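The block underneath contains the structure these notes are about, expressed in structure tokens.
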Amino acid sequence: MTAQVQVLSSRWKDGRAHQLDRYLELGGYASLDAAFARSPADLVQLVKDSGLRGRGGAGFPTGMKWGFLAKGTGKPTYLVVNADESEPGTFKDMELLERDPHSLVEGVIVSAYAIGCNTAFIYLRGECGFAGRRLEAAVAEAYDRGLIGRDVKGSGFDLEVVLHRGAGAYICGEETALLSSLEGERGQPKLRPPFPAVEGLYRAPTTVNNVETIATVPYIFNKGVDWFRSMGSERSPGPKLFSVSGDVRNPGNFEFPLGVPAREVIMEAAGGMIEGKTLKAWTPGGSSTPMLTSDHLDVPMDFEGIAGAGSLLGTAAVIVMSTDVCMVRACLNFTEFYAHESCGKCTPCREGTDWMRKILARLETGQGREEDLDTLNDICDGIFGRSFCALGDGATSPIVSALKFFRDEFSQHVSGHGCPFQGGRVAVGADH
Amino acid sequence: MDDKENPAAVPLTEQTLARVEELIARYPQRRSAMLPLLFLVQAEDGYVSPAGVAQVAELLGVTKAEVGAVATFYTMFRRRPVGRYLVSVCRTLSCELRGSREIAQALCERLDVPMGGTDASGMVTVEEVECLAACDGAPVLQVNTENYERITREQALELTERLLAGELPPPTLAADGAVTEPSTAALHWRLSGLGEPPDELAERGGAP
């Protein structure tokens, strides 16, 4: 058994940790002294040595990302926190911001210091009232106490932090789209290179990091690389928040070292399947990651382990589906999402997601044809790798994986002229 | 875009304009205040009105077409006046598995509106939205972006009756400190980044 850990979630049950005084009592903002005592270059090296990988989905090494920031450009360097959490099934950043918002503010301060940034932005999803209020209050408190602003704690380091709300667009979780949005444009991705590290916000060197990533940095500065690497694996070290939802008894966020077997996350921490239900499929990292099945419960949940099983760790958002869930309906649900959220810039994604939505809808209503199954795979081939950003790739994940593991179920929709499950599942409703 | 019954020539009044410059000054470039200003216009007019587009264009030094292009990209910017309470029901998988689609349908039937519509009194707008990042509370609906979790069809209908009567039941995390914004006007003001909304916005929109 892998024990749950309490690092990022250590203050969640406190109930008052969102207040600055309480946060300080609990040891908050200690990393500022640890950081200011060292040079920025040392701190970037520390993050590189820790092996911290981005927690927003792609898993890119954070220290390396910071190391790519262009130097000597004569322009400011920007830190932009991606708090636009929208990947279906993911709710870790929101709970962190609701329960422990100062941990992000602290992370912003020390991360900004490390990369030489004097203006940081937090791009927060618009549709999250509670997290928004909490973060707004935390930033204001930090300004009042001189933790942000001119000459932070007498260090000579100046930092402005701007909280900026999104306005409802999943695509703004993609870093170049997020920067376009922050510049007051439509949130559409840009072709890379140039990467934001060279030409980002206002064409200045910029790093975009996820909430959980930045909130992890203070712990590394306080406790060191060896402590961080004592959790997880060589290439996927550290603690990680896992969001579990769907047909489990006890949905919620759980913190484990990376590499925890999926079985312990789903069957132990999340309480296992709802009474009377049997596991059929699960996403390891949100709807954009290929589904896995009950055969994959012993896969270690880290970047390499999940990749070895043919999927992606993504945001570590586990959506659990039982045997009474129709895979065509589940794919239709996800595909409606992608068709709605495709920004429309790249033809394969814009057109492909909508065609897939139409085909899945006709399969589900009994109007499908056997050749639709191959057509779906063909469209996925036409989308994957052929758009500017990963949204299109993500849209293919549920369909390709469902056809791989549950092709017969799609055929039954054709031969039976409709869905063999009533209303998409055997029994519908909040019956628990 | 529809015109309001009594469209203001300029939605942002002199009092608000003073704050607008403070907002713009936070950003290294003026245009970054685009989304905040559109939220402010929406707080005032209930939607992104043609007059609001023109005013934002003037304030930021861009064309009306550029402002319109941005406003129509984001789902939270509305093209028709929104009710005092915006009820957003999550339609994504974890919520659908627990009956959210049936909840949204029931609310539309009760309010006698198509999805996305506002009831005749102007109090409640109902819409389906994508994943609200609260999947452990499925099925989730929001009132003015605050969560009401693990809600049944009957509870959702009862909540709607109270909203129609001008009452605002507490959200799921009320004991932890969560508060539902009293109106969409107040919500949109807060989303602009200007902090606590003015009191007069609390009862803006509709009539119980």
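Letters A, B, ... mark the chains of the structure tokens in the order given; residue numbers begin at 1 per chain; ligand numbers begin at 1, in order shown.
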
Which residues of chain A sit at most 6 Å from chain B, using only C-alpha atoms? Give each one's shortest atom pair and distance in Å (one decimal place), in chain and ascending residue order, as a tab-separated table.
residue	atom	partner	partner_atom	distance
A:Pro88	CA	B:Cys131	CA	5.3
A:Gly89	CA	B:Cys135	CA	5.9
A:Thr90	CA	B:Ala133	CA	5.6
A:Phe91	CA	B:Ala133	CA	4.4
A:Glu127	CA	B:Thr145	CA	5.2
A:Cys128	CA	B:Thr145	CA	5.6
A:Gly129	CA	B:Glu146	CA	5.0
A:Phe130	CA	B:Ala178	CA	5.5
A:Ala167	CA	B:Met76	CA	5.1
A:Gly168	CA	B:Thr75	CA	5.0
A:Ala169	CA	B:Tyr74	CA	5.8
A:Leu182	CA	B:Ser32	CA	5.6
A:Glu183	CA	B:Ser32	CA	4.4
A:Gly184	CA	B:Ser32	CA	4.4
A:Glu185	CA	B:Val70	CA	5.9
A:Arg186	CA	B:Val70	CA	4.9
A:Ser245	CA	B:Asp136	CA	5.3
A:Gly246	CA	B:Ser94	CA	4.9
A:Pro251	CA	B:Asp136	CA	4.8
A:Gly252	CA	B:Asp136	CA	5.0
A:Gly429	CA	B:Gly99	CA	4.4
A:Ala430	CA	B:Arg98	CA	4.7

- Which residues, written as an NGL selection string, have at least one atom at most 6 Å from segment 45-54 of chain A, with only C-alpha atoms counted and residues fewer than 3 positions away on the same chain left out? :A and (42 or 59-63 or 213 or 225)

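Residues in contact with Thr16 of chain B at 12 Å, where only C-alpha atoms are counted and same-chain residues fewer than 6 positions away are skipped, are listed as Val10, Glu22, Leu23, Leu37, Leu40, Val41, Ala43, Glu44, Trp189, Ser192, Leu194, Pro197 and Pro198 of chain B.
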
Those same residues, written as a PDB file, in the first residue's frame with N, CA and C atoms?
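Saved the output as out_38.pdb:
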ATOM      1  N   VAL B  10     -23.769  55.496 -23.087  1.00  0.00           N
ATOM      2  CA  VAL B  10     -22.500  54.944 -22.602  1.00  0.00           C
ATOM      3  C   VAL B  10     -22.779  54.204 -21.304  1.00  0.00           C
ATOM      4  N   GLU B  22      -7.877  52.880 -13.258  1.00  0.00           N
ATOM      5  CA  GLU B  22      -7.112  52.107 -12.274  1.00  0.00           C
ATOM      6  C   GLU B  22      -6.934  50.661 -12.768  1.00  0.00           C
ATOM      7  N   LEU B  23      -7.986  50.152 -13.381  1.00  0.00           N
ATOM      8  CA  LEU B  23      -7.958  48.786 -13.913  1.00  0.00           C
ATOM      9  C   LEU B  23      -6.960  48.685 -15.077  1.00  0.00           C
ATOM     10  N   LEU B  37     -13.028  45.053 -18.914  1.00  0.00           N
ATOM     11  CA  LEU B  37     -13.964  46.110 -19.305  1.00  0.00           C
ATOM     12  C   LEU B  37     -15.263  45.528 -19.861  1.00  0.00           C
ATOM     13  N   LEU B  40     -17.352  44.696 -17.028  1.00  0.00           N
ATOM     14  CA  LEU B  40     -17.957  45.905 -16.435  1.00  0.00           C
ATOM     15  C   LEU B  40     -19.173  46.367 -17.243  1.00  0.00           C
ATOM     16  N   VAL B  41     -19.038  46.349 -18.552  1.00  0.00           N
ATOM     17  CA  VAL B  41     -20.162  46.717 -19.415  1.00  0.00           C
ATOM     18  C   VAL B  41     -21.340  45.785 -19.140  1.00  0.00           C
ATOM     19  N   ALA B  43     -21.924  44.138 -16.420  1.00  0.00           N
ATOM     20  CA  ALA B  43     -22.473  44.427 -15.095  1.00  0.00           C
ATOM     21  C   ALA B  43     -23.504  45.544 -15.205  1.00  0.00           C
ATOM     22  N   GLU B  44     -23.224  46.482 -16.091  1.00  0.00           N
ATOM     23  CA  GLU B  44     -24.095  47.651 -16.229  1.00  0.00           C
ATOM     24  C   GLU B  44     -25.339  47.347 -17.068  1.00  0.00           C
ATOM     25  N   TRP B 189     -19.289  42.586 -12.093  1.00  0.00           N
ATOM     26  CA  TRP B 189     -18.419  43.628 -11.524  1.00  0.00           C
ATOM     27  C   TRP B 189     -17.191  42.979 -10.882  1.00  0.00           C
ATOM     28  N   SER B 192     -14.553  41.684 -13.175  1.00  0.00           N
ATOM     29  CA  SER B 192     -13.711  42.696 -13.828  1.00  0.00           C
ATOM     30  C   SER B 192     -12.408  42.899 -13.064  1.00  0.00           C
ATOM     31  N   LEU B 194     -12.413  44.603 -10.028  1.00  0.00           N
ATOM     32  CA  LEU B 194     -12.517  45.807  -9.203  1.00  0.00           C
ATOM     33  C   LEU B 194     -12.916  45.521  -7.752  1.00  0.00           C
ATOM     34  N   PRO B 197     -18.426  44.528  -5.250  1.00  0.00           N
ATOM     35  CA  PRO B 197     -19.369  45.254  -6.114  1.00  0.00           C
ATOM     36  C   PRO B 197     -20.131  46.318  -5.315  1.00  0.00           C
ATOM     37  N   PRO B 198     -20.491  47.435  -5.943  1.00  0.00           N
ATOM     38  CA  PRO B 198     -21.316  48.447  -5.262  1.00  0.00           C
ATOM     39  C   PRO B 198     -22.678  47.844  -4.869  1.00  0.00           C
TER      40      PRO B 198
END

Can you tell me which residues surround segment 313-328 of chain A at a distance of at most 7 Å, considering only C-alpha atoms, apart from same-chain residues fewer than 3 positions away, and format the answer as a PDB file with C-alpha atoms, in the first residue's frame?
ATOM      1  CA  ARG A  55       1.117  19.518 -13.080  1.00  0.00           C
ATOM      2  CA  GLY A  56      -1.143  21.073 -15.716  1.00  0.00           C
ATOM      3  CA  GLY A  57      -1.195  18.107 -18.072  1.00  0.00           C
ATOM      4  CA  ALA A  58       1.906  17.987 -20.236  1.00  0.00           C
ATOM      5  CA  GLY A  89     -12.813  15.579 -14.418  1.00  0.00           C
ATOM      6  CA  THR A  90     -10.195  17.919 -12.930  1.00  0.00           C
ATOM      7  CA  PHE A 242      -5.440  13.118  -7.985  1.00  0.00           C
ATOM      8  CA  SER A 243      -9.068  14.084  -8.698  1.00  0.00           C
ATOM      9  CA  VAL A 244     -11.420  11.099  -8.714  1.00  0.00           C
ATOM     10  CA  SER A 245     -15.051  11.334  -9.831  1.00  0.00           C
ATOM     11  CA  GLY A 246     -17.741   9.267 -11.519  1.00  0.00           C
ATOM     12  CA  ASP A 247     -19.062   5.951 -10.255  1.00  0.00           C
ATOM     13  CA  VAL A 248     -17.051   5.733  -7.034  1.00  0.00           C
ATOM     14  CA  LYS A 277     -21.463  -1.443  -9.840  1.00  0.00           C
ATOM     15  CA  THR A 278     -18.460  -2.928 -11.644  1.00  0.00           C
ATOM     16  CA  LEU A 279     -15.557  -0.970 -13.121  1.00  0.00           C
ATOM     17  CA  LYS A 280     -15.522  -0.708 -16.893  1.00  0.00           C
ATOM     18  CA  ALA A 281     -13.329   2.215 -17.900  1.00  0.00           C
ATOM     19  CA  TRP A 282     -11.478   5.176 -16.421  1.00  0.00           C
ATOM     20  CA  THR A 283      -9.556   8.171 -17.650  1.00  0.00           C
ATOM     21  CA  PRO A 284      -6.150   8.592 -16.019  1.00  0.00           C
ATOM     22  CA  GLY A 285      -5.857  12.328 -16.681  1.00  0.00           C
ATOM     23  CA  GLY A 286      -9.122  13.873 -17.774  1.00  0.00           C
ATOM     24  CA  THR A 289      -6.332  11.092 -22.130  1.00  0.00           C
ATOM     25  CA  MET A 301       0.153   6.543 -11.906  1.00  0.00           C
ATOM     26  CA  ASP A 302       3.146   8.532 -13.037  1.00  0.00           C
ATOM     27  CA  PHE A 303       4.103   9.951 -16.417  1.00  0.00           C
ATOM     28  CA  ILE A 306       0.550   5.644 -17.705  1.00  0.00           C
ATOM     29  CA  CYS A 331     -17.743   9.501 -26.145  1.00  0.00           C
ATOM     30  CA  LEU A 332     -20.622  11.660 -27.350  1.00  0.00           C
ATOM     31  CA  LEU A 360     -21.676   9.535 -32.414  1.00  0.00           C
ATOM     32  CA  GLU A 364     -26.493   6.579 -30.133  1.00  0.00           C
ATOM     33  CA  ALA A 402     -13.214   3.314 -26.639  1.00  0.00           C
ATOM     34  CA  PHE A 410     -20.346   0.424 -30.972  1.00  0.00           C
ATOM     35  CA  PHE A 421     -28.312   0.947 -22.455  1.00  0.00           C
ATOM     36  CA  GLY A 424     -26.851   5.921 -21.738  1.00  0.00           C
ATOM     37  CA  ARG A 425     -26.638   3.707 -18.684  1.00  0.00           C
ATOM     38  CA  VAL A 426     -28.616   0.971 -16.992  1.00  0.00           C
TER      39      VAL A 426
ATOM     40  CA  SER B  94     -19.230  13.046 -14.259  1.00  0.00           C
TER      41      SER B  94
END

- Selection near Val124 of chain B, 9 Å with only C-alpha atoms, sequence-local residues under 6 positions removed, as number ranges by chain: B: 82-87, 111, 117-118, 160, 163-164, 206

Store the residues picked out above in a file with C-alpha atoms, as a JSON list (two decimals), in the first residue's frame.
[["chain", "number", "residue", "atom", "x", "y", "z"],
["B", 82, "VAL", "CA", -29.14, 37.84, -18.49],
["B", 83, "GLY", "CA", -31.43, 37.32, -15.50],
["B", 84, "ARG", "CA", -30.60, 38.40, -11.95],
["B", 85, "TYR", "CA", -29.66, 34.79, -11.27],
["B", 86, "LEU", "CA", -27.73, 32.73, -13.78],
["B", 87, "VAL", "CA", -28.28, 29.00, -13.22],
["B", 111, "LEU", "CA", -39.22, 28.39, -16.61],
["B", 117, "GLY", "CA", -33.26, 31.35, -21.97],
["B", 118, "THR", "CA", -34.45, 33.79, -19.32],
["B", 160, "THR", "CA", -35.41, 27.77, -8.85],
["B", 163, "LEU", "CA", -34.76, 32.36, -6.99],
["B", 164, "LEU", "CA", -37.93, 33.39, -8.83],
["B", 206, "GLY", "CA", -35.64, 41.14, -13.11]]

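Minimum atom-to-atom distance to Leu124 of chain A, evaluated using only C-alpha atoms, belongs to A:Ser86 out of A:Ser294, A:Gln412, A:Thr347, A:Ser86.
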
- Query: Smallest atom-to-atom distance to Thr119 of chain A: which of A:Ile148, A:Leu104, A:Ile266, A:Val139, using only C-alpha atoms?
  - Reply: A:Ile148

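In this model, the gap between atom CA of Glu200 of chain B and atom CA of Asp45 of chain B comes to 13.6 Å.
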
- Message: Neighbouring residues of Ala165 of chain B were defined as those with any atom within 10 Å, considering only C-alpha atoms; residues of the same chain fewer than 5 positions away were excluded. Please report them as a ChimeraX atom specification.
- Response: /B:123,159-160,207-208

Using the selection just defined, write its residues with N, CA and C atoms as a PDB file, in the first residue's frame.
ATOM      1  N   MET B 123     -35.855  37.119 -13.894  1.00  0.00           N
ATOM      2  CA  MET B 123     -35.111  36.744 -12.684  1.00  0.00           C
ATOM      3  C   MET B 123     -34.071  35.660 -12.936  1.00  0.00           C
ATOM      4  N   LEU B 159     -34.940  25.142  -5.613  1.00  0.00           N
ATOM      5  CA  LEU B 159     -34.001  26.273  -5.648  1.00  0.00           C
ATOM      6  C   LEU B 159     -34.482  27.323  -6.649  1.00  0.00           C
ATOM      7  N   THR B 160     -34.942  26.856  -7.808  1.00  0.00           N
ATOM      8  CA  THR B 160     -35.411  27.774  -8.848  1.00  0.00           C
ATOM      9  C   THR B 160     -36.640  28.563  -8.391  1.00  0.00           C
ATOM     10  N   ALA B 207     -37.534  41.152 -11.656  1.00  0.00           N
ATOM     11  CA  ALA B 207     -38.362  41.590 -10.528  1.00  0.00           C
ATOM     12  C   ALA B 207     -39.111  40.374 -10.027  1.00  0.00           C
ATOM     13  N   PRO B 208     -39.010  40.080  -8.738  1.00  0.00           N
ATOM     14  CA  PRO B 208     -39.662  38.877  -8.232  1.00  0.00           C
ATOM     15  C   PRO B 208     -41.188  38.977  -8.340  1.00  0.00           C
TER      16      PRO B 208
END
